[in-house]
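Participant: Got a structure for you, query.cif, holding mmCIF, C-alpha atoms.
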```
data_run
#
loop_
_atom_site.group_PDB
_atom_site.id
_atom_site.type_symbol
_atom_site.label_atom_id
_atom_site.label_comp_id
_atom_site.auth_asym_id
_atom_site.auth_seq_id
_atom_site.Cartn_x
_atom_site.Cartn_y
_atom_site.Cartn_z
ATOM 1 C CA MET A 1 -38.447 -2.422 20.603
ATOM 2 C CA PRO A 2 -37.156 -6.013 20.240
ATOM 3 C CA SER A 3 -36.382 -5.124 16.673
ATOM 4 C CA PRO A 4 -35.577 -7.366 13.749
ATOM 5 C CA ARG A 5 -32.016 -7.075 12.502
ATOM 6 C CA LEU A 6 -30.369 -6.598 9.164
ATOM 7 C CA ASP A 7 -28.401 -9.734 8.391
ATOM 8 C CA THR A 8 -24.732 -8.913 9.032
ATOM 9 C CA THR A 9 -23.244 -12.213 7.979
ATOM 10 C CA SER A 10 -20.260 -12.221 5.647
ATOM 11 C CA PRO A 11 -20.831 -12.480 1.896
ATOM 12 C CA PRO A 12 -21.029 -16.049 0.564
ATOM 13 C CA SER A 13 -17.759 -17.666 -0.473
ATOM 14 C CA SER A 14 -19.356 -19.650 -3.289
ATOM 15 C CA LEU A 15 -21.496 -17.798 -5.809
ATOM 16 C CA PRO A 16 -23.760 -18.908 -8.638
ATOM 17 C CA HIS A 17 -22.196 -18.767 -12.071
ATOM 18 C CA THR A 18 -24.743 -16.192 -13.225
ATOM 19 C CA LEU A 19 -26.426 -13.359 -11.360
ATOM 20 C CA PRO A 20 -29.612 -11.608 -12.466
ATOM 21 C CA SER A 21 -29.137 -8.066 -13.748
ATOM 22 C CA MET A 22 -28.699 -5.625 -10.878
ATOM 23 C CA GLU A 23 -30.834 -3.158 -12.818
ATOM 24 C CA ALA A 24 -33.770 -5.587 -12.923
ATOM 25 C CA PHE A 25 -33.209 -6.649 -9.316
ATOM 26 C CA TYR A 26 -33.090 -3.044 -8.105
ATOM 27 C CA SER A 27 -36.312 -2.228 -9.950
ATOM 28 C CA ARG A 28 -38.024 -5.158 -8.207
ATOM 29 C CA CYS A 29 -36.668 -3.927 -4.869
ATOM 30 C CA LEU A 30 -38.207 -0.501 -5.441
ATOM 31 C CA ILE A 31 -41.588 -1.999 -6.289
ATOM 32 C CA GLU A 32 -41.533 -4.123 -3.146
ATOM 33 C CA GLU A 33 -40.367 -1.157 -1.062
ATOM 34 C CA GLU A 34 -43.300 0.958 -2.250
ATOM 35 C CA ARG A 35 -45.742 -1.866 -1.573
ATOM 36 C CA LEU A 36 -44.428 -2.325 1.980
ATOM 37 C CA LEU A 37 -44.540 1.436 2.499
ATOM 38 C CA ASN A 38 -48.228 1.487 1.596
ATOM 39 C CA ASP A 39 -48.835 -1.456 3.948
ATOM 40 C CA LEU A 40 -47.103 0.364 6.806
ATOM 41 C CA LEU A 41 -49.169 3.495 6.192
ATOM 42 C CA SER A 42 -52.417 1.509 6.179
ATOM 43 C CA VAL A 43 -51.830 -0.232 9.518
ATOM 44 C CA PRO A 44 -53.380 1.457 12.589
ATOM 45 C CA GLN A 45 -50.751 3.149 14.754
ATOM 46 C CA ASP A 46 -51.903 1.251 17.846
ATOM 47 C CA ARG A 47 -51.317 -2.196 16.276
ATOM 48 C CA PRO A 48 -47.651 -3.124 16.857
ATOM 49 C CA ASP A 49 -48.617 -6.755 16.296
ATOM 50 C CA LEU A 50 -49.263 -5.804 12.647
ATOM 51 C CA GLN A 51 -46.438 -3.294 12.355
ATOM 52 C CA ILE A 52 -43.564 -5.519 13.525
ATOM 53 C CA PRO A 53 -43.977 -8.152 10.754
ATOM 54 C CA LEU A 54 -43.978 -5.349 8.150
ATOM 55 C CA ILE A 55 -40.841 -3.850 9.702
ATOM 56 C CA SER A 56 -39.186 -7.267 9.480
ATOM 57 C CA ARG A 57 -40.148 -7.602 5.827
ATOM 58 C CA MET A 58 -38.777 -4.155 5.012
ATOM 59 C CA LEU A 59 -35.460 -4.950 6.689
ATOM 60 C CA SER A 60 -35.324 -8.291 4.925
ATOM 61 C CA GLN A 61 -35.797 -6.446 1.644
ATOM 62 C CA TRP A 62 -32.900 -4.135 2.459
ATOM 63 C CA ALA A 63 -30.742 -7.075 3.565
ATOM 64 C CA GLU A 64 -31.396 -8.825 0.265
ATOM 65 C CA TYR A 65 -30.119 -5.769 -1.595
ATOM 66 C CA TYR A 66 -26.999 -5.648 0.579
ATOM 67 C CA ASN A 67 -26.363 -9.328 -0.027
ATOM 68 C CA ARG A 68 -26.830 -8.987 -3.777
ATOM 69 C CA LYS A 69 -24.317 -6.138 -3.839
ATOM 70 C CA SER A 70 -21.877 -8.326 -1.910
ATOM 71 C CA GLN A 71 -22.263 -11.041 -4.526
ATOM 72 C CA LEU A 72 -21.579 -8.533 -7.267
ATOM 73 C CA ALA A 73 -18.540 -7.261 -5.348
ATOM 74 C CA GLU A 74 -17.055 -10.740 -5.463
ATOM 75 C CA ARG A 75 -17.234 -10.638 -9.245
ATOM 76 C CA ASP A 76 -16.617 -6.956 -10.015
ATOM 77 C CA ILE A 77 -15.981 -4.524 -7.173
ATOM 78 C CA PHE A 78 -15.534 -1.655 -9.644
ATOM 79 C CA GLN A 79 -19.209 -1.901 -10.638
ATOM 80 C CA VAL A 80 -20.204 -1.625 -6.978
ATOM 81 C CA PHE A 81 -18.264 1.625 -6.680
ATOM 82 C CA SER A 82 -19.759 2.879 -9.982
ATOM 83 C CA PRO A 83 -23.257 1.316 -9.929
ATOM 84 C CA TYR A 84 -24.815 1.463 -13.380
ATOM 85 C CA TRP A 85 -28.292 0.666 -11.990
ATOM 86 C CA LEU A 86 -28.473 3.983 -10.094
ATOM 87 C CA THR A 87 -29.259 7.361 -11.629
ATOM 88 C CA PRO A 88 -26.641 10.145 -11.369
ATOM 89 C CA VAL A 89 -28.839 11.812 -8.737
ATOM 90 C CA GLU A 90 -28.817 8.667 -6.588
ATOM 91 C CA GLN A 91 -25.081 8.309 -7.061
ATOM 92 C CA THR A 92 -24.489 11.710 -5.443
ATOM 93 C CA TYR A 93 -25.404 10.077 -2.110
ATOM 94 C CA LEU A 94 -22.932 7.210 -2.475
ATOM 95 C CA TRP A 95 -20.083 6.553 -0.080
ATOM 96 C CA LEU A 96 -17.808 3.529 -0.494
ATOM 97 C CA GLY A 97 -20.321 1.554 -2.531
ATOM 98 C CA GLY A 98 -23.506 2.496 -0.706
ATOM 99 C CA LEU A 99 -25.432 5.119 1.233
ATOM 100 C CA LYS A 100 -23.374 7.203 3.628
ATOM 101 C CA PRO A 101 -24.429 6.057 7.124
ATOM 102 C CA ASP A 102 -24.945 9.530 8.596
ATOM 103 C CA ILE A 103 -27.963 10.150 6.370
ATOM 104 C CA ILE A 104 -29.832 7.513 8.397
ATOM 105 C CA PHE A 105 -30.142 9.909 11.327
ATOM 106 C CA HIS A 106 -32.097 12.385 9.184
ATOM 107 C CA PHE A 107 -34.977 9.897 9.130
ATOM 108 C CA VAL A 108 -35.253 9.529 12.911
ATOM 109 C CA PRO A 109 -38.532 11.145 14.027
ATOM 110 C CA PRO A 110 -38.695 13.831 16.747
ATOM 111 C CA GLY A 111 -39.849 13.029 20.245
ATOM 112 C CA LEU A 112 -37.050 10.772 21.461
ATOM 113 C CA SER A 113 -36.717 10.305 25.192
ATOM 114 C CA ASN A 114 -33.571 11.427 27.016
ATOM 115 C CA ASP A 115 -32.269 7.859 27.075
ATOM 116 C CA GLN A 116 -32.971 7.446 23.377
ATOM 117 C CA ARG A 117 -31.181 10.700 22.533
ATOM 118 C CA ARG A 118 -28.182 9.617 24.594
ATOM 119 C CA ASP A 119 -28.027 6.249 22.830
ATOM 120 C CA MET A 120 -28.444 7.888 19.429
ATOM 121 C CA GLU A 121 -25.633 10.367 20.114
ATOM 122 C CA GLN A 122 -23.369 7.541 21.214
ATOM 123 C CA LEU A 123 -24.151 5.682 17.996
ATOM 124 C CA LYS A 124 -23.380 8.814 15.962
ATOM 125 C CA MET A 125 -19.988 9.213 17.624
ATOM 126 C CA GLN A 126 -19.111 5.577 16.966
ATOM 127 C CA MET A 127 -20.244 5.933 13.365
ATOM 128 C CA VAL A 128 -18.193 9.083 12.743
ATOM 129 C CA GLN A 129 -15.074 7.416 14.109
ATOM 130 C CA ARG A 130 -15.591 4.353 11.941
ATOM 131 C CA GLN A 131 -16.394 6.460 8.854
ATOM 132 C CA THR A 132 -13.159 8.378 9.302
ATOM 133 C CA GLU A 133 -11.180 5.138 9.589
ATOM 134 C CA LEU A 134 -12.730 3.723 6.434
ATOM 135 C CA GLU A 135 -12.146 6.917 4.458
ATOM 136 C CA GLU A 136 -8.486 6.831 5.480
ATOM 137 C CA ARG A 137 -8.217 3.211 4.358
ATOM 138 C CA MET A 138 -9.795 4.122 1.027
ATOM 139 C CA ARG A 139 -7.224 6.866 0.563
ATOM 140 C CA HIS A 140 -4.510 4.249 1.037
ATOM 141 C CA VAL A 141 -6.195 2.081 -1.600
ATOM 142 C CA GLU A 142 -6.197 4.989 -4.061
ATOM 143 C CA GLU A 143 -2.529 5.640 -3.339
ATOM 144 C CA ALA A 144 -1.762 1.951 -3.835
ATOM 145 C CA MET A 145 -3.553 2.040 -7.190
ATOM 146 C CA THR A 146 -1.349 4.911 -8.349
ATOM 147 C CA VAL A 147 1.834 3.171 -7.195
ATOM 148 C CA LEU A 148 0.935 -0.170 -8.747
ATOM 149 C CA MET A 149 0.021 1.374 -12.094
ATOM 150 C CA THR A 150 3.262 3.377 -12.073
ATOM 151 C CA LEU A 151 5.302 0.253 -11.366
ATOM 152 C CA ALA A 152 3.492 -1.555 -14.167
ATOM 153 C CA ALA A 153 4.460 1.212 -16.581
ATOM 154 C CA VAL A 154 8.076 1.246 -15.373
ATOM 155 C CA HIS A 155 8.408 -2.482 -15.941
ATOM 156 C CA GLY A 156 7.152 -2.068 -19.480
ATOM 157 C CA HIS A 157 4.258 -4.519 -19.344
ATOM 158 C CA VAL A 158 1.457 -2.021 -19.801
ATOM 159 C CA ARG A 159 1.367 -2.570 -23.544
ATOM 160 C CA ASN A 160 0.208 -6.169 -23.273
ATOM 161 C CA GLY A 161 -1.897 -5.450 -20.204
ATOM 162 C CA GLU A 162 -0.289 -8.107 -18.018
ATOM 163 C CA ALA A 163 1.075 -5.855 -15.276
ATOM 164 C CA ARG A 164 -1.922 -3.523 -15.474
ATOM 165 C CA GLY A 165 -4.244 -6.501 -14.984
ATOM 166 C CA GLU A 166 -2.268 -7.752 -11.999
ATOM 167 C CA ALA A 167 -2.298 -4.290 -10.438
ATOM 168 C CA ALA A 168 -6.064 -3.985 -10.961
ATOM 169 C CA LEU A 169 -6.631 -7.327 -9.233
ATOM 170 C CA ARG A 170 -4.598 -6.273 -6.210
ATOM 171 C CA VAL A 171 -6.434 -2.961 -5.969
ATOM 172 C CA ALA A 172 -9.784 -4.732 -6.356
ATOM 173 C CA ASP A 173 -8.980 -6.962 -3.385
ATOM 174 C CA LEU A 174 -8.219 -3.906 -1.249
ATOM 175 C CA MET A 175 -11.396 -2.126 -2.401
ATOM 176 C CA ARG A 176 -13.483 -5.206 -1.696
ATOM 177 C CA VAL A 177 -12.402 -5.330 1.948
ATOM 178 C CA VAL A 178 -13.151 -1.625 2.438
ATOM 179 C CA PHE A 179 -16.577 -2.064 0.820
ATOM 180 C CA TYR A 180 -17.500 -5.032 3.036
ATOM 181 C CA ASP A 181 -16.514 -3.087 6.151
ATOM 182 C CA ALA A 182 -18.464 -0.026 4.957
ATOM 183 C CA ASP A 183 -21.544 -2.186 4.379
ATOM 184 C CA THR A 184 -21.133 -3.693 7.838
ATOM 185 C CA LEU A 185 -21.178 -0.156 9.257
ATOM 186 C CA ARG A 186 -24.280 0.741 7.240
ATOM 187 C CA ARG A 187 -26.102 -2.349 8.479
ATOM 188 C CA HIS A 188 -25.058 -1.723 12.068
ATOM 189 C CA VAL A 189 -26.252 1.896 12.041
ATOM 190 C CA VAL A 190 -29.679 0.909 10.669
ATOM 191 C CA THR A 191 -30.056 -1.995 13.080
ATOM 192 C CA ARG A 192 -28.961 -0.036 16.145
ATOM 193 C CA THR A 193 -31.129 2.957 15.200
ATOM 194 C CA ILE A 194 -34.165 0.706 15.070
ATOM 195 C CA GLN A 195 -33.262 -0.997 18.350
ATOM 196 C CA ILE A 196 -33.159 2.399 20.071
ATOM 197 C CA GLN A 197 -36.615 3.399 18.812
ATOM 198 C CA SER A 198 -40.067 2.153 19.753
ATOM 199 C CA THR A 199 -42.170 0.275 17.218
ATOM 200 C CA ALA A 200 -44.220 3.393 16.417
ATOM 201 C CA GLN A 201 -41.041 5.463 15.984
ATOM 202 C CA THR A 202 -39.548 2.793 13.750
ATOM 203 C CA VAL A 203 -42.581 2.947 11.469
ATOM 204 C CA LEU A 204 -42.125 6.719 11.110
ATOM 205 C CA PHE A 205 -38.397 6.193 10.528
ATOM 206 C CA LEU A 206 -38.998 3.659 7.747
ATOM 207 C CA VAL A 207 -41.731 5.734 6.122
ATOM 208 C CA SER A 208 -39.383 8.725 6.000
ATOM 209 C CA ALA A 209 -36.450 6.683 4.674
ATOM 210 C CA VAL A 210 -38.447 4.912 1.971
ATOM 211 C CA ASN A 211 -40.206 8.103 0.867
ATOM 212 C CA PHE A 212 -36.818 9.757 0.476
ATOM 213 C CA HIS A 213 -35.489 6.783 -1.500
ATOM 214 C CA LEU A 214 -38.449 6.585 -3.853
ATOM 215 C CA ARG A 215 -38.563 10.342 -4.446
ATOM 216 C CA LEU A 216 -34.832 10.419 -5.106
ATOM 217 C CA ARG A 217 -35.248 7.652 -7.662
ATOM 218 C CA GLN A 218 -38.142 9.405 -9.381
ATOM 219 C CA TYR A 219 -36.257 12.689 -9.515
ATOM 220 C CA GLY A 220 -33.244 10.904 -10.964
ATOM 221 C CA LEU A 221 -35.364 9.315 -13.684
ATOM 222 C CA HIS A 222 -37.722 12.159 -14.548
ATOM 223 C CA GLY A 223 -36.312 15.344 -13.013
ATOM 224 C CA SER A 224 -39.411 15.869 -10.902
ATOM 225 C CA VAL A 225 -41.288 14.287 -8.024
ATOM 226 C CA ARG A 226 -44.999 13.614 -8.131
ATOM 227 C CA ASP A 227 -47.100 14.579 -5.131
#
```
Could you quickly redo this structure as structure tokens?

Facilitator:
Amino acid sequence: MPSPRLDTTSPPSSLPHTLPSMEAFYSRCLIEEERLLNDLLSVPQDRPDLQIPLISRMLSQWAEYYNRKSQLAERDIFQVFSPYWLTPVEQTYLWLGGLKPDIIFHFVPPGLSNDQRRDMEQLKMQMVQRQTELEERMRHVEEAMTVLMTLAAVHGHVRNGEARGEAALRVADLMRVVFYDADTLRRHVVTRTIQIQSTAQTVLFLVSAVNFHLRLRQYGLHGSVRD
């Protein structure tokens, strides 16, 4: 399908002085996600002219969440890696500040053509290679954090926090770059997966993904999932 795309532009260089609470923003995202899910389910399967605008709106909703996280990362990357607005259950699926890209393939419906399967396998291989590279870079960041904190202690500035603060800033810069690249991979995997599928397949893909997201949230909040 000539699918809509997740916005993959870089995070803004100038940010507003205040950002709305991520907790409140995320709650609004979930409400909108559920509303769009119900709209997708109510549209006849043979009406791509009605389905495509809803697909675009769902992807725009996801892109807005990505962009808001990028804004937060500019201010406090440590909160992005330890997101207070997610339940512990949701956090078990985190990878470098967001959903691990390989879970996306679990939502792809059966019935792909041979060409679609080939393209999907190629995307998976590219994703695995990129994931491995990013995980290696994150290991270097963690090693750098240990070294910088050790040097701060050796130089005797830990007591007043000066060296520790400088070390934290340097580590934050390294983490921020890894996070942006991880988010770029997440966006690319979603966008390419949708491009490979037909409109009808994309609807099934989104329904599966959103159902999983909403059920995971409910289980995290209440320990059960309603039927």

Participant: Could you tell me which of A:Arg187, A:Pro44, A:Ile196, A:Arg35 comes closest to A:Asn114 if we count all atoms listed in the file?

Facilitator: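 Once distances to A:Asn114 are computed over all atoms listed in the file, the minimum belongs to A:Ile196.
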
Participant: Atom CA of A:Leu206 to atom CA of A:Asp119: how many Å, to one decimal?

Facilitator: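 Answer for the atom CA of A:Leu206 to atom CA of A:Asp119 separation: 18.8 Å.
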
Participant: Would you kindly return, as a list in words, each protein, DNA or RNA residue with an atom no farther than 9 Å from any atom of stretch 212-222 of chain A, considering only C-alpha atoms and excluding same-chain residues fewer than 4 positions away?

Facilitator: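 My reading of the contact set: Leu30, Glu33, Glu34, Leu86, Thr87, Pro88, Val89, Glu90, Phe107, Val207, Ser208 and Arg226 of chain A.
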
Participant: Which one of A:Leu96, A:Val141, A:Val190, A:Val108 sits closest to A:Leu59 if you count all atoms listed in the file?

Facilitator: A:Val190

Participant: Quote the spacing between atom CA of A:Leu40 and atom CA of A:Glu121 in Å to one decimal place.

Facilitator: 27.2 Å

Participant: Restricting the calculation to only C-alpha atoms, which member of A:Asn67, A:Gln45, A:Ser60, A:Gln91 is positioned closest to A:Leu204?

Facilitator: A:Gln45

Participant: Run through the PyMOL selection byres ((chain A and resi 22) around 9) on the given coordinates and return the selected residues as a PDB file with C-alpha atoms, keeping the file's coordinate frame.

Facilitator:
```pdb
ATOM      1  CA  LEU A  19     -26.426 -13.359 -11.360  1.00  0.00           C
ATOM      2  CA  PRO A  20     -29.612 -11.608 -12.466  1.00  0.00           C
ATOM      3  CA  SER A  21     -29.137  -8.066 -13.748  1.00  0.00           C
ATOM      4  CA  GLU A  23     -30.834  -3.158 -12.818  1.00  0.00           C
ATOM      5  CA  ALA A  24     -33.770  -5.587 -12.923  1.00  0.00           C
ATOM      6  CA  PHE A  25     -33.209  -6.649  -9.316  1.00  0.00           C
ATOM      7  CA  TYR A  26     -33.090  -3.044  -8.105  1.00  0.00           C
ATOM      8  CA  SER A  27     -36.312  -2.228  -9.950  1.00  0.00           C
ATOM      9  CA  ARG A  68     -26.830  -8.987  -3.777  1.00  0.00           C
ATOM     10  CA  LYS A  69     -24.317  -6.138  -3.839  1.00  0.00           C
ATOM     11  CA  LEU A  72     -21.579  -8.533  -7.267  1.00  0.00           C
ATOM     12  CA  PRO A  83     -23.257   1.316  -9.929  1.00  0.00           C
ATOM     13  CA  TYR A  84     -24.815   1.463 -13.380  1.00  0.00           C
ATOM     14  CA  TRP A  85     -28.292   0.666 -11.990  1.00  0.00           C
TER      15      TRP A  85
END
```

Participant: From the options A:Tyr65, A:Gly98, A:Val203, A:Val80, which residue's atoms come nearest to A:Ser42, counting all atoms listed in the file?

Facilitator: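 Closest to A:Ser42 of all the choices is A:Val203.
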
Participant: Please compute the atom CA of A:Asn211-atom CA of A:Leu37 distance, one decimal, in Å.

Facilitator: 8.1 Å

Participant: Quick one: 6 Å padding each side, axis-aligned, all listed atoms of stretch 181-185 of chain A - centre and edge lengths in Å to one decimal, as lines of an AutoDock Vina configuration file?

Facilitator:
```
center_x = -19.0
center_y = -1.9
center_z = 6.8
size_x = 17.0
size_y = 15.7
size_z = 16.9
```
